[in-house]
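**Q** What follows is a single structure, and I will ask about it in a moment.
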Amino acid sequence: MLFSTKKGAITQSKTEALLADSRVTPEEILNKLHTTTAGLSADEVEKRQDQYGLNQVVVNAEASRWQILGQSFLDPFVIVLIALAVVSALTADYDGAIVMSMMILLSVVLRFTQEVRSQKASQALKKMIANTCAVTREGFTAERPMTEVVPGDIIQLQTGDLIPADAYLLTAKDLFLNQSSITGESMPVEKFVGADRQNDAATDQQIFDHPNLLFMGTDVISGAGQAVILKTGRETLFGDLAKLATAKRGDTQFDRGLRHISKLLIIMMCVLVPIVFAINAITKGDLTQAFFFAVAIAVGLTPEMLPMVVNSNLAKGATTLAKKKVIVKELRAVQNLGAVDVLCTDKTGTLTQDQITLMSHLDPQGENDQEVLHLAYMNSNYQTGWKNLLDQAVIDYGNLPNHQAMMASLPADLQKVDEIPFDFNRRRLTVVVKNDQHQWMVTKGAFEEVLGICNRVRWNGSIQKLTPKIKQQLIELNQQLNDQGMRILGIAYRIDVHEQATYEVGDENGMVFAGLMGFLDPEKASAAQAVQLLQNHHVTVKILTGDNGTITQHVAGKVGIKNDRFYEGRQIAEMTDEEIDQIVDDCDLFVKLNPVQKARLIKILQEKHTVAYMGDGINDAPALRQADVGISVDNAADVTKEASSVILLEKSLLVLEDGIIEGRTVYRNTMKYIRMTIASNFGNSLSVLLASIFLPFLPMLSLQILVQNLIYDFAQMSLPWDHVDRQTLLKPTPWRTKGLLRFALIFGPVSSIFDLITFAFMWFVLHADVASRAGLFQTGWFLVGLITQSLVVFVYRTTRVPFFKSKSSWQVISATVGAILLGFFMVFGPLQHTFGFENLPALYWLFLPAVVICYLVLSDVLKKLLKVKLN
């Protein structure tokens, strides 16, 4: 079934109903819909509008400011902070409650502001166009809004018209449609009248190929016709695509990764805090003091700035990308881009130019021949009506400035005599032109059909009989060109057939086969370079398209994508998810896919990979919604942009490379904070545990812990602007908890060793060994803790030698210096006694730089000796 899924998102019943309609005659379909070619009456239209509603699909409304604000609070660490702030307020620890509230407010405001900005950018990209169509009602045809058409309406079609709803074709003249937005096929599709009796042998996977059915979201590129509306709005196949496109995006790699890290950190807090409370309650005998201290430790262990640091990184990344013509609708998409290791893309317009081009004009021996071009030009240029894409490609090729010499020998003063129009049965078009010397009958069409009306061939410069041997050679030449991804047309001619000005189909016989025309939607000049860059960054590029396999293989080979084999939609439909999982990693080409099959492949890939999908057609919407990162362009359909998380203002894979690098930068800078926080928090907790056992007083007041934490976090807010070592950006960066615990177990105790050295110095050297001198002890540890935590960022931020081999940004250096100066101001400024600090003796100022330098040097040495991976 075409769009069947486990959830029935696009129903089989709709395709079956359309298939049934395609099998009946025009008279039968009109009777079924209770209408005539004169159209519905005004009363009947009103009744049907009440019954079926407006002809529009439902897309998700933009979130309100209140909804965005509410979502900004839904972060595990924000929730933990809120709970701790409430507990502090209820227990009269107002200072702690105020500090925690400030942290909450900063994080929420930043996230809210960026989400609102992103939504505004998305709204600005939407095109507000009221499309109309020509509707016949009560015998009168007028342009009416597409939203007002109902089943049974008669519509008139001309070149350039959009198809307003799913419809049945009643009349047609040379009617060609562009269905690429739904099917991915770049070539025009002919539609013609009559019951499609032959579709019983076909599966419903070819529903878009049925010649008498028209579909919402497609458009007329040439010809004219009349159709009757079958289904409107959400009952169309487009309507089901819209439902998939606007469904809530599931958890992405970003969501899952951040949740795992949050879980690890919260578990650490939940284990250590009760132990700290119990030890302090037992050793100090003061439950109230022990409770407040445990709450402060809980805040100290909580990476409360994680939401803010993450959102700052994402916001900075989104701002940087906006300058590079990449609009980020969902902040999490920035980091997801960095984690992408598989990019799935459609073919038409992304890897190719989405423009049919004449690539070759060959004689029967396969050599370029200007006479073949002349004949094709005569046929295309002098045919009646709108030129289809192939005709226009011939005309444009002949009119190129560098082809003027080749076209100079084209017969002069040509006048049109007659034309035998294209029809589906003949699959060819004949044009007759003349001048004072000759009359030429030139036929252009499908290779097999043109070859079938020829009994002669222009072979090696002379007209010869078309022998079976030559015929076989021509068939082989045609196959060779097909294997190169070209669409082939045959060219035949006769000269001076007769003197009459009227020609008939019967005249198309005994013709001379002149040669072949090869057409291609060529690859973009930048596509190969972009694919190579992505592969250099360990991103596998896969093509998921509705186009055919031969053409896709050719394009893939041109741009550097593995093209040794491909799978078609029919094969995918017959496979289980387990079977697809076995082949999806090794194959990079999937062709003749319907929209849900694209989404299905992406879902299976997501079991092992972080997947981005790039497309701009309506048929891409389900895949865009399923992917970790959905990427579209600003001129895509509204429903497609709705399904996307990233919108490109320039349709190029080169722009994507910038996005991927920026996403990896975001991840690296975020992980710097997480690594430092988890190591420092674990080390501090271990130090507090040991101090609580032996000290007769608290090693630091709860308010001092909160202030230290706030100052330290202030410095970390500069990390989004830090430099990142180039070699760390070469591989995808999914969120990883692996290695974090090892990092904490190595560098946490290293921090605790220097805390214990500080404790010993304060106790034995400065004699801060009684409760009356607790303030001196707490002040000394406060400064050591603040300075070491602030400076260790330069060690943990790189695998290389800090300061020399890897330099930080000026923002990080300035923020670190500012945090240390702020710490000194808090200790020695006018608020000194408010926070319980005291002046320190001169001997301390000799100890402080020594212990800080030793700590930084040992951390850097251990980092190299233990080969710690800084993710």
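A note on labels: chains of the structure tokens are A, B, ... as shown, every chain counts residues from 1, and ligands are counted from 1 in their shown order.
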Applying 8 Å and only C-alpha atoms, which residues near Tyr613 (chain A) remain after dropping the ones on its own chain fewer than 2 positions away? List them as a PyMOL selection string.
**A** chain A and resi 343-345+611+615+623-624+627+629-631
**Q** Could you write out that same residue set with all heavy atoms as a PDB file, in the first residue's frame?
**A**
```
ATOM      1  N   LEU A 343      23.531  12.138   6.211  1.00  0.00           N
ATOM      2  CA  LEU A 343      22.678  13.147   5.583  1.00  0.00           C
ATOM      3  C   LEU A 343      21.924  12.481   4.449  1.00  0.00           C
ATOM      4  O   LEU A 343      22.530  11.991   3.490  1.00  0.00           O
ATOM      5  CB  LEU A 343      23.500  14.312   5.039  1.00  0.00           C
ATOM      6  CG  LEU A 343      22.730  15.302   4.151  1.00  0.00           C
ATOM      7  CD1 LEU A 343      21.661  16.035   4.955  1.00  0.00           C
ATOM      8  CD2 LEU A 343      23.667  16.300   3.486  1.00  0.00           C
ATOM      9  N   CYS A 344      20.617  12.441   4.565  1.00  0.00           N
ATOM     10  CA  CYS A 344      19.769  11.951   3.478  1.00  0.00           C
ATOM     11  C   CYS A 344      19.237  13.166   2.719  1.00  0.00           C
ATOM     12  O   CYS A 344      18.839  14.160   3.339  1.00  0.00           O
ATOM     13  CB  CYS A 344      18.607  11.126   4.026  1.00  0.00           C
ATOM     14  SG  CYS A 344      19.136   9.632   4.893  1.00  0.00           S
ATOM     15  N   THR A 345      19.230  13.076   1.415  1.00  0.00           N
ATOM     16  CA  THR A 345      18.787  14.219   0.625  1.00  0.00           C
ATOM     17  C   THR A 345      18.001  13.747  -0.583  1.00  0.00           C
ATOM     18  O   THR A 345      18.209  12.628  -1.073  1.00  0.00           O
ATOM     19  CB  THR A 345      19.999  15.062   0.167  1.00  0.00           C
ATOM     20  OG1 THR A 345      19.560  16.125  -0.686  1.00  0.00           O
ATOM     21  CG2 THR A 345      21.009  14.220  -0.588  1.00  0.00           C
ATOM     22  N   VAL A 611      20.488  11.528  12.070  1.00  0.00           N
ATOM     23  CA  VAL A 611      20.146  11.667  10.653  1.00  0.00           C
ATOM     24  C   VAL A 611      19.567  13.049  10.359  1.00  0.00           C
ATOM     25  O   VAL A 611      18.659  13.514  11.060  1.00  0.00           O
ATOM     26  CB  VAL A 611      19.135  10.588  10.221  1.00  0.00           C
ATOM     27  CG1 VAL A 611      18.864  10.679   8.723  1.00  0.00           C
ATOM     28  CG2 VAL A 611      19.658   9.192  10.579  1.00  0.00           C
ATOM     29  N   GLY A 615      15.280  18.442   1.884  1.00  0.00           N
ATOM     30  CA  GLY A 615      14.343  18.376   0.771  1.00  0.00           C
ATOM     31  C   GLY A 615      13.444  19.597   0.760  1.00  0.00           C
ATOM     32  O   GLY A 615      13.323  20.298   1.765  1.00  0.00           O
ATOM     33  N   ALA A 623       9.529  12.915   5.864  1.00  0.00           N
ATOM     34  CA  ALA A 623      10.939  12.638   6.156  1.00  0.00           C
ATOM     35  C   ALA A 623      11.563  13.782   6.948  1.00  0.00           C
ATOM     36  O   ALA A 623      12.363  13.561   7.871  1.00  0.00           O
ATOM     37  CB  ALA A 623      11.702  12.414   4.854  1.00  0.00           C
ATOM     38  N   LEU A 624      11.206  15.003   6.604  1.00  0.00           N
ATOM     39  CA  LEU A 624      11.722  16.171   7.327  1.00  0.00           C
ATOM     40  C   LEU A 624      11.293  16.145   8.789  1.00  0.00           C
ATOM     41  O   LEU A 624      12.062  16.504   9.686  1.00  0.00           O
ATOM     42  CB  LEU A 624      11.232  17.458   6.667  1.00  0.00           C
ATOM     43  CG  LEU A 624      11.838  17.791   5.298  1.00  0.00           C
ATOM     44  CD1 LEU A 624      11.018  18.853   4.593  1.00  0.00           C
ATOM     45  CD2 LEU A 624      13.284  18.248   5.452  1.00  0.00           C
ATOM     46  N   ALA A 627      13.267  13.171  10.743  1.00  0.00           N
ATOM     47  CA  ALA A 627      14.711  13.278  10.922  1.00  0.00           C
ATOM     48  C   ALA A 627      15.072  14.044  12.191  1.00  0.00           C
ATOM     49  O   ALA A 627      14.280  14.845  12.706  1.00  0.00           O
ATOM     50  CB  ALA A 627      15.328  13.972   9.704  1.00  0.00           C
ATOM     51  N   VAL A 629      17.286  16.289  12.190  1.00  0.00           N
ATOM     52  CA  VAL A 629      17.322  17.659  11.661  1.00  0.00           C
ATOM     53  C   VAL A 629      16.640  17.653  10.297  1.00  0.00           C
ATOM     54  O   VAL A 629      17.090  16.967   9.379  1.00  0.00           O
ATOM     55  CB  VAL A 629      18.775  18.170  11.489  1.00  0.00           C
ATOM     56  CG1 VAL A 629      18.760  19.647  11.080  1.00  0.00           C
ATOM     57  CG2 VAL A 629      19.583  17.981  12.756  1.00  0.00           C
ATOM     58  N   GLY A 630      15.546  18.394  10.174  1.00  0.00           N
ATOM     59  CA  GLY A 630      14.866  18.553   8.898  1.00  0.00           C
ATOM     60  C   GLY A 630      15.297  19.856   8.260  1.00  0.00           C
ATOM     61  O   GLY A 630      15.210  20.917   8.880  1.00  0.00           O
ATOM     62  N   ILE A 631      15.793  19.786   7.024  1.00  0.00           N
ATOM     63  CA  ILE A 631      16.379  20.957   6.376  1.00  0.00           C
ATOM     64  C   ILE A 631      15.617  21.252   5.090  1.00  0.00           C
ATOM     65  O   ILE A 631      15.487  20.388   4.217  1.00  0.00           O
ATOM     66  CB  ILE A 631      17.866  20.705   6.038  1.00  0.00           C
ATOM     67  CG1 ILE A 631      18.628  20.286   7.305  1.00  0.00           C
ATOM     68  CG2 ILE A 631      18.504  21.941   5.427  1.00  0.00           C
ATOM     69  CD1 ILE A 631      19.956  19.626   7.011  1.00  0.00           C
TER      70      ILE A 631
END
```
**Q** Would you list the contacts of Val273 (chain A) as a list in words, taking every protein, DNA or RNA residue within 6 Å and counting only C-alpha atoms, but skipping same-chain residues closer than 3 positions in sequence?
**A**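 Result of the neighbour search: Met269, Cys270, Val276, Ala294 and Ala298 of chain A.
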**Q** Please list as an mmCIF file with N, CA and C atoms, in the first residue's frame every residue within 9 Å of region 605-610 of chain A, counting only C-alpha atoms and excluding residues in the same chain fewer than 4 positions away.
**A**
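This is the output file out.cif:
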```
data_model
loop_
_atom_site.group_PDB
_atom_site.id
_atom_site.type_symbol
_atom_site.label_atom_id
_atom_site.label_comp_id
_atom_site.auth_asym_id
_atom_site.auth_seq_id
_atom_site.Cartn_x
_atom_site.Cartn_y
_atom_site.Cartn_z
ATOM 1 N N THR A 252 14.790 13.903 19.572
ATOM 2 C CA THR A 252 15.945 13.872 18.685
ATOM 3 C C THR A 252 17.167 13.416 19.475
ATOM 4 N N GLN A 253 18.273 13.273 18.785
ATOM 5 C CA GLN A 253 19.518 12.874 19.434
ATOM 6 C C GLN A 253 19.888 13.869 20.531
ATOM 7 N N ASN A 336 22.187 19.211 16.991
ATOM 8 C CA ASN A 336 21.901 18.016 16.201
ATOM 9 C C ASN A 336 22.669 18.018 14.888
ATOM 10 N N LEU A 337 22.844 19.197 14.294
ATOM 11 C CA LEU A 337 23.633 19.291 13.063
ATOM 12 C C LEU A 337 25.060 18.794 13.294
ATOM 13 N N ALA A 339 25.952 16.595 15.387
ATOM 14 C CA ALA A 339 25.948 15.157 15.659
ATOM 15 C C ALA A 339 25.644 14.329 14.420
ATOM 16 N N VAL A 340 25.210 14.987 13.352
ATOM 17 C CA VAL A 340 24.791 14.263 12.146
ATOM 18 C C VAL A 340 25.947 13.455 11.566
ATOM 19 N N ASP A 341 25.709 12.157 11.352
ATOM 20 C CA ASP A 341 26.687 11.341 10.636
ATOM 21 C C ASP A 341 26.099 10.728 9.366
ATOM 22 N N VAL A 342 24.798 10.935 9.154
ATOM 23 C CA VAL A 342 24.158 10.523 7.903
ATOM 24 C C VAL A 342 23.278 11.675 7.415
ATOM 25 N N LEU A 343 23.531 12.138 6.211
ATOM 26 C CA LEU A 343 22.678 13.147 5.583
ATOM 27 C C LEU A 343 21.924 12.481 4.449
ATOM 28 N N ASP A 581 17.173 -2.834 7.925
ATOM 29 C CA ASP A 581 18.306 -2.512 8.788
ATOM 30 C C ASP A 581 19.586 -3.189 8.294
ATOM 31 N N VAL A 584 20.490 -0.907 4.862
ATOM 32 C CA VAL A 584 20.419 0.553 4.770
ATOM 33 C C VAL A 584 21.772 1.222 4.993
ATOM 34 N N ASP A 585 22.676 0.589 5.753
ATOM 35 C CA ASP A 585 23.982 1.196 5.982
ATOM 36 C C ASP A 585 24.892 1.056 4.771
ATOM 37 N N ARG A 600 10.300 6.158 6.754
ATOM 38 C CA ARG A 600 10.578 4.839 7.342
ATOM 39 C C ARG A 600 12.075 4.536 7.316
ATOM 40 N N LEU A 601 12.724 4.795 6.199
ATOM 41 C CA LEU A 601 14.167 4.569 6.100
ATOM 42 C C LEU A 601 14.931 5.402 7.119
ATOM 43 N N ALA A 627 13.267 13.171 10.743
ATOM 44 C CA ALA A 627 14.711 13.278 10.922
ATOM 45 C C ALA A 627 15.072 14.044 12.191
ATOM 46 N N ASP A 628 16.290 13.794 12.697
ATOM 47 C CA ASP A 628 16.793 14.579 13.827
ATOM 48 C C ASP A 628 16.898 16.046 13.445
ATOM 49 N N VAL A 629 17.286 16.289 12.190
ATOM 50 C CA VAL A 629 17.322 17.659 11.661
ATOM 51 C C VAL A 629 16.640 17.653 10.297
ATOM 52 N N PRO A 732 31.554 13.552 13.859
ATOM 53 C CA PRO A 732 30.256 13.906 14.451
ATOM 54 C C PRO A 732 30.331 13.920 15.978
ATOM 55 N N PRO A 734 27.735 13.406 18.766
ATOM 56 C CA PRO A 734 26.506 13.121 19.518
ATOM 57 C C PRO A 734 26.770 13.258 21.018
#
```
**Q** Write out as an mmCIF file with N, CA and C atoms, in the first residue's frame each polymer residue whose atoms come within 9 Å of Ile420 (chain A), counting only C-alpha atoms; drop sequence neighbours fewer than 6 positions from it.
**A**
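Output (result_12.cif):
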```cif
data_model
loop_
_atom_site.group_PDB
_atom_site.id
_atom_site.type_symbol
_atom_site.label_atom_id
_atom_site.label_comp_id
_atom_site.auth_asym_id
_atom_site.auth_seq_id
_atom_site.Cartn_x
_atom_site.Cartn_y
_atom_site.Cartn_z
ATOM 1 N N ARG A 428 4.917 10.751 -29.759
ATOM 2 C CA ARG A 428 5.779 11.532 -30.644
ATOM 3 C C ARG A 428 5.008 12.745 -31.155
ATOM 4 N N LEU A 429 5.763 13.710 -31.691
ATOM 5 C CA LEU A 429 5.180 14.943 -32.219
ATOM 6 C C LEU A 429 5.870 15.257 -33.536
ATOM 7 N N THR A 430 5.078 15.639 -34.530
ATOM 8 C CA THR A 430 5.627 15.940 -35.858
ATOM 9 C C THR A 430 5.324 17.384 -36.228
ATOM 10 N N VAL A 431 6.328 18.066 -36.740
ATOM 11 C CA VAL A 431 6.177 19.436 -37.233
ATOM 12 C C VAL A 431 6.664 19.475 -38.684
ATOM 13 N N VAL A 432 5.898 20.197 -39.528
ATOM 14 C CA VAL A 432 6.274 20.337 -40.938
ATOM 15 C C VAL A 432 6.592 21.806 -41.209
ATOM 16 N N TYR A 503 -1.102 17.485 -43.041
ATOM 17 C CA TYR A 503 -0.423 16.210 -42.781
ATOM 18 C C TYR A 503 -1.226 15.409 -41.749
ATOM 19 N N GLU A 504 -1.161 14.074 -41.865
ATOM 20 C CA GLU A 504 -1.885 13.193 -40.952
ATOM 21 C C GLU A 504 -0.931 12.168 -40.351
ATOM 22 N N VAL A 505 -1.439 11.446 -39.342
ATOM 23 C CA VAL A 505 -0.620 10.431 -38.682
ATOM 24 C C VAL A 505 -0.121 9.404 -39.691
#
```
**Q** As a PyMOL selection string, please: all residues of region 435-651 of chain A that backbone DSSP puts in strand (DSSP E or B).
**A** chain A and resi 439-446+454-459+462-465+487-495+511-520+523+540-544+567-568+589-591+611-614+629-633+646-648
**Q** For the contact check between region 619-670 of chain A and region 591-599 of chain A, emit one row per residue of region 619-670 of chain A within 7 Å, containing the shortest atom pair and the distance in Å rounded to one decimal, counting only C-alpha atoms, chain then rising number order, as CSV.
**A**
```
residue,atom,partner,partner_atom,distance
A:Asn619,CA,A:Pro595,CA,5.0
A:Asp620,CA,A:Pro595,CA,6.1
A:Pro622,CA,A:Ala599,CA,5.7
A:Ala623,CA,A:Ala599,CA,4.1
A:Gln626,CA,A:Ala599,CA,5.9
```
**Q** Here is a test: counting only C-alpha atoms, which residue of A:Asn460, A:Gln778, A:Thr15, A:Gln335 is nearest to Glu838 (chain A)?
**A** A:Gln778
**Q** Compile the contact shell of Arg137 (chain A) as a ChimeraX atom specification: residues with an atom at most 12 Å away, counting only C-alpha atoms, same-chain residues fewer than 5 positions apart removed.
**A** /A:35-46,142-144,149-150,152-156,228
**Q** Could those selected residues go to a file with N, CA and C atoms, as a tab-separated table (two decimals), in the first residue's frame?
**A**
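That gives us result.tsv:
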```tsv
chain	number	residue	atom	x	y	z
A	35	THR	N	-22.81	15.80	-10.57
A	35	THR	CA	-22.46	17.08	-11.18
A	35	THR	C	-22.46	16.92	-12.69
A	36	THR	N	-22.28	18.03	-13.41
A	36	THR	CA	-22.19	18.02	-14.87
A	36	THR	C	-21.03	18.91	-15.29
A	37	THR	N	-20.70	18.90	-16.57
A	37	THR	CA	-19.61	19.74	-17.05
A	37	THR	C	-19.94	21.23	-16.95
A	38	ALA	N	-21.23	21.54	-16.74
A	38	ALA	CA	-21.62	22.95	-16.53
A	38	ALA	C	-21.35	23.40	-15.11
A	39	GLY	N	-21.02	22.45	-14.22
A	39	GLY	CA	-20.69	22.81	-12.85
A	39	GLY	C	-21.86	22.74	-11.91
A	40	LEU	N	-21.57	22.98	-10.64
A	40	LEU	CA	-22.58	22.92	-9.58
A	40	LEU	C	-23.36	24.22	-9.50
A	41	SER	N	-24.53	24.14	-8.89
A	41	SER	CA	-25.31	25.35	-8.63
A	41	SER	C	-24.80	26.00	-7.35
A	42	ALA	N	-25.16	27.26	-7.16
A	42	ALA	CA	-24.72	28.00	-5.97
A	42	ALA	C	-25.22	27.34	-4.70
A	43	ASP	N	-26.47	26.86	-4.72
A	43	ASP	CA	-27.04	26.21	-3.53
A	43	ASP	C	-26.28	24.92	-3.21
A	44	GLU	N	-25.96	24.17	-4.27
A	44	GLU	CA	-25.25	22.90	-4.04
A	44	GLU	C	-23.84	23.16	-3.52
A	45	VAL	N	-23.19	24.21	-4.03
A	45	VAL	CA	-21.85	24.55	-3.54
A	45	VAL	C	-21.90	24.87	-2.06
A	46	GLU	N	-22.91	25.65	-1.66
A	46	GLU	CA	-23.04	26.03	-0.26
A	46	GLU	C	-23.24	24.80	0.63
A	142	ALA	N	-15.10	31.34	-13.59
A	142	ALA	CA	-14.50	32.50	-12.94
A	142	ALA	C	-13.38	32.05	-12.02
A	143	GLU	N	-12.44	32.96	-11.78
A	143	GLU	CA	-11.36	32.68	-10.83
A	143	GLU	C	-11.91	32.75	-9.41
A	144	ARG	N	-11.70	31.70	-8.65
A	144	ARG	CA	-12.18	31.65	-7.26
A	144	ARG	C	-11.04	31.16	-6.36
A	149	VAL	N	-13.16	25.57	-3.34
A	149	VAL	CA	-13.61	24.49	-4.22
A	149	VAL	C	-14.11	23.32	-3.38
A	150	VAL	N	-15.07	22.58	-3.95
A	150	VAL	CA	-15.69	21.45	-3.26
A	150	VAL	C	-15.71	20.24	-4.19
A	152	GLY	N	-16.94	17.76	-6.78
A	152	GLY	CA	-17.95	17.97	-7.81
A	152	GLY	C	-17.75	19.23	-8.60
A	153	ASP	N	-16.90	20.15	-8.12
A	153	ASP	CA	-16.60	21.37	-8.88
A	153	ASP	C	-15.85	21.01	-10.16
A	154	ILE	N	-16.15	21.76	-11.23
A	154	ILE	CA	-15.46	21.61	-12.51
A	154	ILE	C	-14.41	22.71	-12.60
A	155	ILE	N	-13.16	22.32	-12.83
A	155	ILE	CA	-12.08	23.32	-12.91
A	155	ILE	C	-11.46	23.28	-14.31
A	156	GLN	N	-11.04	24.47	-14.78
A	156	GLN	CA	-10.39	24.62	-16.07
A	156	GLN	C	-8.89	24.81	-15.83
A	228	VAL	N	-12.72	17.36	-12.76
A	228	VAL	CA	-13.72	17.44	-11.72
A	228	VAL	C	-13.06	17.08	-10.40
```
**Q** Provide the CA of Leu858 (chain A) to CA of Lys805 (chain A) distance in Å, to one decimal place.
**A** 17.5 Å
**Q** Considering only C-alpha atoms, return as an NGL selection string whatever protein or nucleic-acid residues lie within 10 Å of Phe215 (chain A), sequence-local ones (same chain, fewer than 2 positions apart) excluded.
**A** :A and (162-168 or 177 or 179 or 182 or 208 or 213 or 217-219 or 229-231 or 236-238)
**Q** Enumerate the residues of region 451-637 of chain A with a DSSP assignment of helix (DSSP H, G or I), computed from the backbone, and present them as number ranges by chain.
**A** A: 451-452, 468-483, 505-507, 527-536, 549-559, 569-574, 577-583, 595-605, 618-626
**Q** Please provide the set of residues having any atom within 12 Å of Arg565 (chain A), restricted to only C-alpha atoms, with same-chain residues fewer than 4 positions apart removed, written as a ChimeraX atom specification.
**A** /A:543,549-550,552-554,556-557,561,583-584,586-591
**Q** Which value, in Å to one decimal, gives the distance between CA of Gly663 (chain A) and CA of Val633 (chain A)?
**A**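 These atoms are spaced 18.8 Å apart.
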**Q** Which residue, A:Gly398, A:Pro145, A:Gly829, A:Pro26, has the smallest gap to Asn212 (chain A) when you use only C-alpha atoms?
**A**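 Comparing A:Gly398, A:Pro145, A:Gly829, A:Pro26 against Asn212 (chain A), the winner is A:Pro26.
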